[in-house]
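Here is the structure we will look at.
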Amino acid sequence: MTSGLARPTLEHAPASGPTRALVLFCHGGTVASVEPPRERALSLLRMRAIEQFVRASTADRGVATHLLRYRVAGWNGAAADAHADVRWALSELGERHGDDVPVVLVGHSMGGRAVLRAGEGAQVAAVCALAPWTPPGEPVEQLRGRTVAVLHGRGDRWVPAALSADFAARAQRAGARIARFTVAGGHSMVRRAPVWHAFVRDVVLAGSGLAPWRPDLREALERSELAVPL
């Protein structure tokens with residue numbers, strides 16, 4: 001792992017009652033940096049807002065939430081530091097809760113790239129990628145047989161929506177059960193924020209088996225639709 005913070009950390013919010021599912025939230029970052037993420041970074045604040053919404057909506061159904069704090073703010077090329085931290089977090093969750101509790105991975109931007117790479121984890125029940133940074137050639141084979149939901153802003157100037165469109169098509173060909181939705185707005189997930197929040201909540205509940213899939217998600221996943229507008 002790249003130097004920076006001694007180790008990644010998890011901000012934890014327990015379920016109300018027995019834990020039936022876990023959610024790991026992974027915020028965005030930058031291409032290259034070995035500095036710790038800034039506490040007031042917009043990517044962290046937006047992911048924390050989504051985590052808080054999901055927590056308030058699902059804790060009484062047995063969902064415990066965890067927000068991953070990376071060691072460093074950058075992906076850093078072959079080091080893929082955010083992916084390494086997600087793998088650490090999955091191991092940590094396994095030690096705390098056992099491998100039988102389903103985990104839903106939620107990531108935005110760089111965090112989206114990290115959770116998509118980590119989707120092969122044995123305890124991962126579903127992956128929710130928000131405006132994921134998926135450069136050309138990003139691997140997809142690890143998602144064979146996995147359930148993946150992607151949401152991307154059509155006006156995203158930081159991470160063009162065409163990147164996740166290409167990624168979703170390649171993942172589908174590799175055998176992923178994947179659906180990709182688009183929404184008006186850009187990369188920060190501020191415009192139409194309630195749509196982003198509800199999307200994550202619904203993927204968490206259905207992906208972990210605690211609720212049925214809402215109709216548009218179910219139909220898109222069954223048909224592997226890759227450009228569904230919201």
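Chain labels follow the order of the structure tokens: the first chain is A, the next B, and so on; residue numbering restarts at 1 in every chain, and ligands are counted from 1 in their shown order.
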Out of chain A, which residues get strand (DSSP E or B) from DSSP, as JSON, numbers by chain?
{"A": [9, 10, 11, 12, 13, 21, 22, 23, 24, 25, 26, 30, 63, 64, 65, 66, 67, 68, 69, 74, 103, 104, 105, 106, 107, 108, 124, 125, 126, 127, 128, 129, 130, 147, 148, 149, 150, 151, 152, 153, 177, 178, 179, 180, 181, 182, 183, 228, 229]}
Would you put the residues from that selection into a file with N, CA and C atoms, as a short mmCIF file (atom, residue, chain, number, x, y, z; two decimals), in the first residue's frame?
```
data_model
loop_
_atom_site.label_atom_id
_atom_site.label_comp_id
_atom_site.auth_asym_id
_atom_site.auth_seq_id
_atom_site.Cartn_x
_atom_site.Cartn_y
_atom_site.Cartn_z
N THR A 9 -9.76 3.72 7.64
CA THR A 9 -10.66 3.60 8.78
C THR A 9 -12.09 3.51 8.29
N LEU A 10 -12.97 3.05 9.18
CA LEU A 10 -14.38 2.92 8.88
C LEU A 10 -15.20 3.72 9.88
N GLU A 11 -16.06 4.61 9.38
CA GLU A 11 -17.06 5.26 10.22
C GLU A 11 -18.28 4.36 10.24
N HIS A 12 -18.69 3.92 11.41
CA HIS A 12 -19.68 2.86 11.54
C HIS A 12 -20.96 3.38 12.17
N ALA A 13 -22.10 2.99 11.61
CA ALA A 13 -23.40 3.27 12.21
C ALA A 13 -24.16 1.94 12.29
N ALA A 21 -27.70 -6.85 7.12
CA ALA A 21 -26.96 -6.47 5.91
C ALA A 21 -26.01 -5.34 6.24
N LEU A 22 -24.95 -5.23 5.45
CA LEU A 22 -23.94 -4.19 5.61
C LEU A 22 -23.82 -3.39 4.33
N VAL A 23 -23.54 -2.11 4.48
CA VAL A 23 -23.28 -1.26 3.32
C VAL A 23 -21.93 -0.58 3.53
N LEU A 24 -21.11 -0.62 2.50
CA LEU A 24 -19.81 0.06 2.52
C LEU A 24 -19.85 1.20 1.53
N PHE A 25 -19.74 2.43 2.02
CA PHE A 25 -19.79 3.63 1.19
C PHE A 25 -18.36 4.12 0.93
N CYS A 26 -18.07 4.38 -0.36
CA CYS A 26 -16.71 4.76 -0.77
C CYS A 26 -16.77 6.04 -1.59
N THR A 30 -9.01 11.57 -6.36
CA THR A 30 -8.33 12.19 -7.48
C THR A 30 -7.41 11.18 -8.16
N VAL A 63 -29.97 -2.82 8.63
CA VAL A 63 -28.83 -2.43 7.81
C VAL A 63 -27.85 -1.60 8.64
N ALA A 64 -26.60 -2.04 8.68
CA ALA A 64 -25.52 -1.27 9.30
C ALA A 64 -24.69 -0.62 8.19
N THR A 65 -24.34 0.64 8.37
CA THR A 65 -23.62 1.37 7.33
C THR A 65 -22.19 1.65 7.78
N HIS A 66 -21.30 1.72 6.79
CA HIS A 66 -19.89 1.99 7.04
C HIS A 66 -19.38 2.92 5.94
N LEU A 67 -18.76 4.02 6.34
CA LEU A 67 -18.15 4.96 5.40
C LEU A 67 -16.65 4.77 5.47
N LEU A 68 -16.05 4.41 4.34
CA LEU A 68 -14.61 4.16 4.28
C LEU A 68 -13.85 5.47 4.17
N ARG A 69 -12.85 5.64 5.03
CA ARG A 69 -11.93 6.78 4.93
C ARG A 69 -10.60 6.24 4.42
N GLY A 74 -5.64 9.78 -3.60
CA GLY A 74 -5.48 9.43 -5.01
C GLY A 74 -5.60 7.95 -5.29
N VAL A 103 -23.06 -7.89 1.91
CA VAL A 103 -22.51 -6.54 1.83
C VAL A 103 -22.89 -5.93 0.49
N VAL A 104 -23.40 -4.71 0.52
CA VAL A 104 -23.62 -3.93 -0.70
C VAL A 104 -22.56 -2.85 -0.76
N LEU A 105 -21.85 -2.78 -1.87
CA LEU A 105 -20.82 -1.77 -2.07
C LEU A 105 -21.41 -0.58 -2.81
N VAL A 106 -21.16 0.62 -2.30
CA VAL A 106 -21.63 1.86 -2.92
C VAL A 106 -20.43 2.78 -3.10
N GLY A 107 -20.16 3.20 -4.34
CA GLY A 107 -19.02 4.07 -4.57
C GLY A 107 -19.32 5.14 -5.59
N HIS A 108 -18.72 6.31 -5.37
CA HIS A 108 -18.89 7.45 -6.28
C HIS A 108 -17.54 7.81 -6.90
N VAL A 124 -19.96 -10.00 -1.19
CA VAL A 124 -20.60 -8.88 -1.89
C VAL A 124 -21.89 -9.36 -2.56
N ALA A 125 -23.01 -8.75 -2.18
CA ALA A 125 -24.31 -9.12 -2.73
C ALA A 125 -24.67 -8.27 -3.94
N ALA A 126 -24.22 -7.02 -3.98
CA ALA A 126 -24.53 -6.12 -5.09
C ALA A 126 -23.56 -4.96 -5.05
N VAL A 127 -23.40 -4.31 -6.21
CA VAL A 127 -22.54 -3.14 -6.33
C VAL A 127 -23.37 -1.99 -6.90
N CYS A 128 -23.27 -0.83 -6.27
CA CYS A 128 -23.96 0.37 -6.74
C CYS A 128 -22.89 1.41 -7.05
N ALA A 129 -22.71 1.74 -8.33
CA ALA A 129 -21.66 2.66 -8.76
C ALA A 129 -22.29 3.96 -9.24
N LEU A 130 -21.88 5.07 -8.63
CA LEU A 130 -22.43 6.38 -8.92
C LEU A 130 -21.39 7.20 -9.69
N THR A 147 -24.46 -8.67 -9.49
CA THR A 147 -25.51 -7.69 -9.72
C THR A 147 -24.94 -6.30 -9.54
N VAL A 148 -25.06 -5.48 -10.59
CA VAL A 148 -24.44 -4.15 -10.60
C VAL A 148 -25.46 -3.13 -11.10
N ALA A 149 -25.63 -2.05 -10.35
CA ALA A 149 -26.48 -0.93 -10.77
C ALA A 149 -25.62 0.33 -10.86
N VAL A 150 -25.72 1.02 -11.98
CA VAL A 150 -24.91 2.21 -12.24
C VAL A 150 -25.85 3.39 -12.46
N LEU A 151 -25.51 4.53 -11.89
CA LEU A 151 -26.24 5.78 -12.14
C LEU A 151 -25.22 6.86 -12.49
N HIS A 152 -25.47 7.58 -13.59
CA HIS A 152 -24.51 8.57 -14.07
C HIS A 152 -25.25 9.81 -14.57
N GLY A 153 -24.73 10.98 -14.25
CA GLY A 153 -25.31 12.22 -14.74
C GLY A 153 -24.99 12.43 -16.21
N ARG A 177 -24.71 -9.12 -14.34
CA ARG A 177 -26.13 -8.72 -14.34
C ARG A 177 -26.14 -7.23 -14.02
N ILE A 178 -26.17 -6.43 -15.06
CA ILE A 178 -25.90 -5.00 -14.89
C ILE A 178 -26.98 -4.16 -15.55
N ALA A 179 -27.31 -3.05 -14.89
CA ALA A 179 -28.22 -2.06 -15.46
C ALA A 179 -27.63 -0.68 -15.21
N ARG A 180 -27.72 0.16 -16.21
CA ARG A 180 -27.16 1.51 -16.10
C ARG A 180 -28.25 2.54 -16.35
N PHE A 181 -28.37 3.47 -15.42
CA PHE A 181 -29.36 4.53 -15.49
C PHE A 181 -28.65 5.87 -15.64
N THR A 182 -29.32 6.82 -16.26
CA THR A 182 -28.79 8.17 -16.37
C THR A 182 -29.79 9.16 -15.81
N VAL A 183 -29.27 10.31 -15.37
CA VAL A 183 -30.11 11.33 -14.76
C VAL A 183 -29.58 12.69 -15.18
N VAL A 228 -31.02 3.70 -19.14
CA VAL A 228 -32.37 3.98 -18.68
C VAL A 228 -32.42 5.36 -18.06
N PRO A 229 -33.23 6.31 -18.59
CA PRO A 229 -33.28 7.66 -18.00
C PRO A 229 -34.13 7.68 -16.73
#
```
Neighbour list for Trp158 of chain A as an MDAnalysis selection string, cut-off 12 Å, only C-alpha atoms, skip fewer than 3 positions in-chain:
chainID A and resid 28:31 109:110 131:134 152:155 161:163 185:189
Compile the contact shell of segment 139-141 of chain A as a PDB file with N, CA and C atoms, in the first residue's frame: residues with an atom at most 10 Å away, counting only C-alpha atoms, same-chain residues fewer than 6 positions apart removed.
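Result file follows (result-v2.pdb):
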```pdb
ATOM      1  N   ARG A 113     -15.067   3.284  -9.094  1.00  0.00           N
ATOM      2  CA  ARG A 113     -14.069   2.417  -9.725  1.00  0.00           C
ATOM      3  C   ARG A 113     -13.592   1.357  -8.737  1.00  0.00           C
ATOM      4  N   LEU A 116     -16.321  -1.364  -8.029  1.00  0.00           N
ATOM      5  CA  LEU A 116     -16.494  -2.247  -9.184  1.00  0.00           C
ATOM      6  C   LEU A 116     -15.346  -3.256  -9.269  1.00  0.00           C
ATOM      7  N   ARG A 117     -14.151  -2.823  -8.959  1.00  0.00           N
ATOM      8  CA  ARG A 117     -13.020  -3.762  -8.950  1.00  0.00           C
ATOM      9  C   ARG A 117     -13.159  -4.794  -7.843  1.00  0.00           C
ATOM     10  N   GLY A 119     -15.910  -6.048  -6.692  1.00  0.00           N
ATOM     11  CA  GLY A 119     -17.205  -6.714  -6.746  1.00  0.00           C
ATOM     12  C   GLY A 119     -17.160  -8.217  -6.674  1.00  0.00           C
ATOM     13  N   GLU A 120     -15.983  -8.807  -6.849  1.00  0.00           N
ATOM     14  CA  GLU A 120     -15.868 -10.260  -6.811  1.00  0.00           C
ATOM     15  C   GLU A 120     -15.816 -10.811  -5.395  1.00  0.00           C
ATOM     16  N   PHE A 167     -18.103   0.814 -20.085  1.00  0.00           N
ATOM     17  CA  PHE A 167     -17.816  -0.180 -19.044  1.00  0.00           C
ATOM     18  C   PHE A 167     -18.991  -1.135 -18.864  1.00  0.00           C
ATOM     19  N   ALA A 168     -20.213  -0.585 -18.801  1.00  0.00           N
ATOM     20  CA  ALA A 168     -21.392  -1.424 -18.592  1.00  0.00           C
ATOM     21  C   ALA A 168     -21.574  -2.415 -19.733  1.00  0.00           C
ATOM     22  N   ALA A 169     -21.350  -1.965 -20.954  1.00  0.00           N
ATOM     23  CA  ALA A 169     -21.489  -2.873 -22.105  1.00  0.00           C
ATOM     24  C   ALA A 169     -20.470  -4.003 -22.031  1.00  0.00           C
ATOM     25  N   ARG A 170     -19.233  -3.676 -21.659  1.00  0.00           N
ATOM     26  CA  ARG A 170     -18.208  -4.723 -21.557  1.00  0.00           C
ATOM     27  C   ARG A 170     -18.494  -5.664 -20.396  1.00  0.00           C
ATOM     28  N   ALA A 171     -18.986  -5.119 -19.276  1.00  0.00           N
ATOM     29  CA  ALA A 171     -19.321  -5.962 -18.135  1.00  0.00           C
ATOM     30  C   ALA A 171     -20.472  -6.901 -18.463  1.00  0.00           C
ATOM     31  N   GLN A 172     -21.430  -6.398 -19.216  1.00  0.00           N
ATOM     32  CA  GLN A 172     -22.545  -7.249 -19.633  1.00  0.00           C
ATOM     33  C   GLN A 172     -22.044  -8.414 -20.479  1.00  0.00           C
ATOM     34  N   ARG A 173     -21.163  -8.130 -21.412  1.00  0.00           N
ATOM     35  CA  ARG A 173     -20.618  -9.192 -22.254  1.00  0.00           C
ATOM     36  C   ARG A 173     -19.798 -10.192 -21.437  1.00  0.00           C
ATOM     37  N   ALA A 174     -19.230  -9.724 -20.318  1.00  0.00           N
ATOM     38  CA  ALA A 174     -18.443 -10.604 -19.457  1.00  0.00           C
ATOM     39  C   ALA A 174     -19.309 -11.434 -18.521  1.00  0.00           C
ATOM     40  N   GLY A 175     -20.620 -11.177 -18.521  1.00  0.00           N
ATOM     41  CA  GLY A 175     -21.514 -11.999 -17.717  1.00  0.00           C
ATOM     42  C   GLY A 175     -22.069 -11.330 -16.485  1.00  0.00           C
ATOM     43  N   ALA A 176     -21.908 -10.016 -16.339  1.00  0.00           N
ATOM     44  CA  ALA A 176     -22.484  -9.317 -15.202  1.00  0.00           C
ATOM     45  C   ALA A 176     -23.984  -9.112 -15.419  1.00  0.00           C
TER      46      ALA A 176
END
```
What's the 6 Å shell around segment 41-57 of chain A, counting only C-alpha atoms, without same-chain residues fewer than 6 positions away, as a PyMOL selection string?
chain A and resi 27-28+197+201
What parts of segment 51-169 of chain A does DSSP call alpha helix (DSSP H)? I'd like the answer as JSON, numbers by chain.
{"A": [51, 52, 53, 54, 55, 56, 57, 58, 81, 82, 83, 84, 85, 86, 87, 88, 89, 90, 91, 92, 93, 94, 95, 96, 97, 110, 111, 112, 113, 114, 115, 116, 117, 161, 162, 163, 164, 165, 166, 167, 168, 169]}
List the spatial neighbours of Trp88 of chain A as a PyMOL selection string - criterion: any atom at most 12 Å away, only C-alpha atoms, same-chain residues fewer than 6 positions off excluded.
chain A and resi 1+7-10+24+68-71+81-82+94-95+114-115+118+121
Taking 6 positions as the minimum chain separation for residues in the same chain, which residues sit within 9 Å of Gly62 of chain A when counting only C-alpha atoms? Answer as a PyMOL selection string.
chain A and resi 14-22+210
Output N, CA and C atoms for every residue in that selection, as a short mmCIF file (atom, residue, chain, number, x, y, z; two decimals), in the first residue's frame.
```cif
data_model
loop_
_atom_site.label_atom_id
_atom_site.label_comp_id
_atom_site.auth_asym_id
_atom_site.auth_seq_id
_atom_site.Cartn_x
_atom_site.Cartn_y
_atom_site.Cartn_z
N PRO A 14 -24.47 1.46 13.49
CA PRO A 14 -25.07 0.14 13.63
C PRO A 14 -26.53 0.11 13.19
N ALA A 15 -27.01 -1.09 12.91
CA ALA A 15 -28.42 -1.30 12.64
C ALA A 15 -29.21 -1.18 13.93
N SER A 16 -30.50 -0.95 13.80
CA SER A 16 -31.40 -0.99 14.95
C SER A 16 -31.83 -2.44 15.14
N GLY A 17 -31.22 -3.11 16.09
CA GLY A 17 -31.51 -4.53 16.26
C GLY A 17 -30.47 -5.37 15.57
N PRO A 18 -30.78 -6.63 15.31
CA PRO A 18 -29.81 -7.54 14.69
C PRO A 18 -29.38 -7.04 13.31
N THR A 19 -28.10 -7.21 13.00
CA THR A 19 -27.56 -6.79 11.70
C THR A 19 -27.89 -7.83 10.65
N ARG A 20 -28.62 -7.42 9.62
CA ARG A 20 -29.00 -8.32 8.54
C ARG A 20 -28.27 -8.03 7.24
N ALA A 21 -27.70 -6.85 7.12
CA ALA A 21 -26.96 -6.47 5.91
C ALA A 21 -26.01 -5.34 6.24
N LEU A 22 -24.95 -5.23 5.45
CA LEU A 22 -23.94 -4.19 5.61
C LEU A 22 -23.82 -3.39 4.33
N LEU A 210 -33.42 -7.58 1.39
CA LEU A 210 -34.34 -7.11 2.41
C LEU A 210 -35.61 -6.51 1.85
#
```
